[in-house]
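Let me begin by presenting the structure, written as structure tokens, before commenting on it.
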Amino acid sequence: MKQHTMDLAKVRAFGNIEFLARQLVEGFITGLHKSPFHGFSVEFAEHKRYNTGESTRNIDWKVMAKTDKLFVKRYEEETNLRCHILLDISSSMYYPIDTHGKITFSTLAAASLTYLLQKQKDAVGLCTFADDIKLQTPVKSTPSHAHTLMLELESIPNKVPERSSTQVASVLHQIAEKIHKRSLVIIFSDMFTQADQTDDLFSALQHLKHKLHEVLLFHVTDHKTEQDFAFENRPYEFIDLETGERIKLQADQVRSSYQKASKTYYEDLKLRCGQYKIDFIEADIDKGVEPILTAYLAKHSKMH
């Protein structure tokens with residue numbers, strides 16, 4: 001059984017994404033020595049009075065010269081983190097049609113991160129989008145708010161998706177303007193966009209970074225079919241989930257050109273993320289939520 005099918009089976013068996021998210025988090029967090037999100041927010045935030053015995057390393061001598069009093073710089077890592085989870089709910093995220101694998105992966109991963117952040121008393125909010133923003137919640141750290149987010153996430157894979165294109169670039173530009181406090185922005189998306197909109201997509205990612213947000217991109221794909229195009233060479237009818245357009249052809253007719261175009265876009269996206277200092281996580285749904293989250297969080301906790 002494929003891993004994303006197992007994830008779906010677990011969600012259906014438990015009927016409670018919050019319980020499953022808690023299980024996942026409690027499982028992998030025990031192996032980490034410290035919070036995986038420690039060190040995200042290290043930007044200078046404000047001053048506090050210096051107390052005898054504290055390290056003098058962060059004393060602001062310019063303020064001391066002006067006021068004749070000792071103040072130290074307080075950094076944002078000493079305050080609670082603010083996190084915005086951006087979830088793509090466009091039609092293509094409900095692929096494969098039989099399992100809704102990409103959206104199931106994304107909602108379960110988002111629920112796990114919501115639980116982890118709330119456990120650390122950090123504030124989290126959810127934004128869902130397709131051709132525009134569908135939902136944007138406040139950013140709060142209360143258990144009741146986290147529970148509300150869980151209920152929303154739990155309902156998403158079972159919804160009948162509207163036939164809509166993904167307007168990732170437009171949404172990211174909007175979000176960059178809406179978020180006023182420096183935050184951690186976590187995106188779950190297959191990043192499908194029209195060929196003539198790629199530059200705008202990269203510009204939107206850069207826009208988020210210009211606003212000094214930390215950005216994580218989980219690039220959610222069914223790698224075997226969407227990138228490798230691993231279909232047998234027989235007649236198929238391919239359906240564009242976002243437009244409804246249909247085309248009949250043999251897999252070998254387009255395999256080589258498809259693989260080339262897919263590889264070029266993937267490598268360009270990964271390269272741009274590296275240039276903009278955006279964490280790019282290849283989220284192949286066939287690997288499952290737990291291995292991908294565990295590997296990323298373990299790596300990040302060692303870096304900070």
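Chain labels A, B, ... are given in the sequence in which chains occur in the structure tokens; within each chain residues are numbered consecutively from 1, and ligands are likewise numbered from 1 in the order shown.
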
| Residue contacts of Leu217 (chain A) (9 Å, only C-alpha atoms) excluding same-chain residues fewer than 3 positions away, as a count of residues only | 12

| field | Residue set, region 146-298 of chain A restricted to strand (DSSP E or B), as a VMD selection string | value | chain A and resid 184 to 189 214 to 221 235 to 239 246 to 250 279 to 284

| message | Among region 218-262 of chain A, which residues does DSSP mark as alpha helix (DSSP H) when it is run on the backbone? Keep the chain and numbering as in the structure and answer as an MDAnalysis selection string. | response | chainID A and resid 251:262

Taking only residues of region 116-154 of chain A that have an atom at most 10 Å from an atom of region 80-91 of chain A, what is each one's shortest atom pair and its distance in Å to one decimal, using only C-alpha atoms, in chain and number order, as a tab-separated table?
```
residue	atom	partner	partner_atom	distance
A:Leu117	CA	A:Cys83	CA	8.2
A:Gln120	CA	A:Asn80	CA	8.4
A:Lys121	CA	A:Asn80	CA	7.0
A:Asp122	CA	A:Leu81	CA	5.1
A:Ala123	CA	A:Arg82	CA	4.8
A:Val124	CA	A:Cys83	CA	4.6
A:Gly125	CA	A:His84	CA	4.9
A:Leu126	CA	A:Ile85	CA	4.9
A:Cys127	CA	A:Leu86	CA	4.8
A:Thr128	CA	A:Leu87	CA	4.7
A:Phe129	CA	A:Asp88	CA	5.1
A:Ala130	CA	A:Ser90	CA	4.4
A:Asp131	CA	A:Ser90	CA	7.3
A:Asp132	CA	A:Ser90	CA	9.6
A:Ile133	CA	A:Asp88	CA	9.4
A:Lys134	CA	A:Ile89	CA	8.8
A:Leu135	CA	A:Leu87	CA	9.7
A:Gln136	CA	A:Leu86	CA	8.9
A:Thr137	CA	A:His84	CA	9.1
A:Pro138	CA	A:His84	CA	9.2
A:Val139	CA	A:Arg82	CA	7.0
A:Lys140	CA	A:Arg82	CA	8.2
A:Ser141	CA	A:Arg82	CA	8.7
A:Leu153	CA	A:Leu87	CA	9.4
```

| task | Can you pull out every residue within 9 Å of Lys181 (chain A), counting only C-alpha atoms, but drop anything in the same chain fewer than 2 positions away, and send it as a PyMOL selection string? | result | chain A and resi 82+179+183+211+213

Write the selection just made, keeping C-alpha atoms, as a PDB file, in the first residue's frame?
```
ATOM      1  CA  ARG A  82       3.795  33.846  14.837  1.00  0.00           C
ATOM      2  CA  ILE A 179       1.039  40.170   7.333  1.00  0.00           C
ATOM      3  CA  SER A 183       6.300  35.726  10.861  1.00  0.00           C
ATOM      4  CA  LYS A 211       9.016  41.578   4.226  1.00  0.00           C
ATOM      5  CA  HIS A 213       9.320  36.632   6.866  1.00  0.00           C
TER       6      HIS A 213
END
```

| message | Quick check, in Å to one decimal: how far apart do CA of Asn16 (chain A) and CA of Ala111 (chain A) lie? | response | 10.6 Å

| request: Could you check which of A:Thr52, A:Ser92, A:Ser256, A:Ser262 is closest to Glu162 (chain A), using only C-alpha atoms? | output: A:Ser92

| task | Please provide the set of residues having any atom within 12 Å of Lys260 (chain A), restricted to only C-alpha atoms, with same-chain residues fewer than 5 positions apart removed, written as a count of residues only. | result | 9

| Distance of CA of Ser144 (chain A) from CA of Phe19 (chain A), expressed in Å to one decimal place | 14.7 Å

| said: Can you tell me which residues surround region 196-208 of chain A at a distance of at most 10 Å, considering only C-alpha atoms, apart from same-chain residues fewer than 4 positions away, and format the answer as a PyMOL selection string? | reply: chain A and resi 167-177+179+183+185+191-192+212-215+217+265+268-269+272-273+275-278

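Minimum atom-to-atom distance to Leu216 (chain A), evaluated using only C-alpha atoms, belongs to A:Leu113 out of A:Lys263, A:Leu113, A:Leu241, A:Pro143.
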
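The spacing separating CA of Ala251 (chain A) from CA of Phe231 (chain A) amounts to 6.2 Å.
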
| message | Could you list, as JSON, numbers by chain, every residue within 12 Å of Lys102 (chain A), counting only C-alpha atoms and ignoring same-chain residues fewer than 2 positions away? | response | {"A": [3, 4, 5, 7, 8, 87, 88, 89, 90, 91, 92, 93, 94, 95, 96, 97, 98, 99, 100, 104, 105, 106, 107, 108, 109, 156, 157, 188, 189, 190, 191, 218, 219, 220, 221, 222, 223, 226, 283, 284, 285, 286, 287, 288, 289]}

Keeping C-alpha atoms, export the residues of the selection given above as a PDB file, in the first residue's frame.
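Final output, out_14.pdb:
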```pdb
ATOM      1  CA  GLN A   3       2.255   5.679   2.000  1.00  0.00           C
ATOM      2  CA  HIS A   4      -0.241   8.431   1.114  1.00  0.00           C
ATOM      3  CA  THR A   5      -2.972   5.762   0.935  1.00  0.00           C
ATOM      4  CA  ASP A   7      -2.137   8.281   5.629  1.00  0.00           C
ATOM      5  CA  LEU A   8      -5.641   8.533   4.176  1.00  0.00           C
ATOM      6  CA  LEU A  87      -2.761  25.782   2.122  1.00  0.00           C
ATOM      7  CA  ASP A  88      -3.472  25.408  -1.597  1.00  0.00           C
ATOM      8  CA  ILE A  89      -6.965  23.891  -2.011  1.00  0.00           C
ATOM      9  CA  SER A  90      -7.240  24.245  -5.799  1.00  0.00           C
ATOM     10  CA  SER A  91      -8.562  21.321  -7.868  1.00  0.00           C
ATOM     11  CA  SER A  92      -5.108  19.930  -8.702  1.00  0.00           C
ATOM     12  CA  MET A  93      -4.410  19.378  -4.988  1.00  0.00           C
ATOM     13  CA  TYR A  94      -7.163  16.721  -4.979  1.00  0.00           C
ATOM     14  CA  TYR A  95      -5.020  14.501  -7.237  1.00  0.00           C
ATOM     15  CA  PRO A  96      -4.822  11.499  -7.357  1.00  0.00           C
ATOM     16  CA  ILE A  97      -8.611  11.488  -7.638  1.00  0.00           C
ATOM     17  CA  ASP A  98      -9.074   8.094  -5.938  1.00  0.00           C
ATOM     18  CA  THR A  99      -7.176   9.071  -2.763  1.00  0.00           C
ATOM     19  CA  HIS A 100      -7.077  12.890  -2.781  1.00  0.00           C
ATOM     20  CA  THR A 104      -4.689  14.621   2.457  1.00  0.00           C
ATOM     21  CA  PHE A 105      -0.916  14.866   2.879  1.00  0.00           C
ATOM     22  CA  SER A 106      -1.068  18.657   3.163  1.00  0.00           C
ATOM     23  CA  THR A 107      -3.897  18.834   5.703  1.00  0.00           C
ATOM     24  CA  LEU A 108      -2.332  16.160   7.912  1.00  0.00           C
ATOM     25  CA  ALA A 109       1.089  17.848   7.767  1.00  0.00           C
ATOM     26  CA  ILE A 156     -10.986  19.982   3.538  1.00  0.00           C
ATOM     27  CA  PRO A 157     -10.115  16.566   1.949  1.00  0.00           C
ATOM     28  CA  PHE A 188       1.705  23.693   1.116  1.00  0.00           C
ATOM     29  CA  SER A 189       1.187  23.721  -2.658  1.00  0.00           C
ATOM     30  CA  ASP A 190       1.948  21.827  -5.858  1.00  0.00           C
ATOM     31  CA  MET A 191       2.925  25.270  -7.248  1.00  0.00           C
ATOM     32  CA  PHE A 218       6.401  22.179   1.015  1.00  0.00           C
ATOM     33  CA  HIS A 219       6.286  21.369  -2.713  1.00  0.00           C
ATOM     34  CA  VAL A 220       3.572  18.702  -2.662  1.00  0.00           C
ATOM     35  CA  THR A 221       3.539  16.293  -5.608  1.00  0.00           C
ATOM     36  CA  ASP A 222       2.796  12.723  -6.578  1.00  0.00           C
ATOM     37  CA  HIS A 223       6.357  12.389  -7.844  1.00  0.00           C
ATOM     38  CA  GLU A 226       3.482  14.255 -11.911  1.00  0.00           C
ATOM     39  CA  ALA A 283       7.096  16.579  -0.379  1.00  0.00           C
ATOM     40  CA  ASP A 284       6.501  13.448  -2.450  1.00  0.00           C
ATOM     41  CA  ILE A 285       3.212  12.152  -1.049  1.00  0.00           C
ATOM     42  CA  ASP A 286       4.308   8.560  -1.660  1.00  0.00           C
ATOM     43  CA  LYS A 287       6.844   8.965   1.163  1.00  0.00           C
ATOM     44  CA  GLY A 288       4.175   9.931   3.696  1.00  0.00           C
ATOM     45  CA  VAL A 289       3.786  12.759   6.199  1.00  0.00           C
TER      46      VAL A 289
END
```

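Proximity to Thr243 (chain A) was assessed for A:Thr142, A:Thr114, A:Thr148, A:Ser165 counting only C-alpha atoms; the smallest distance is recorded for A:Ser165.
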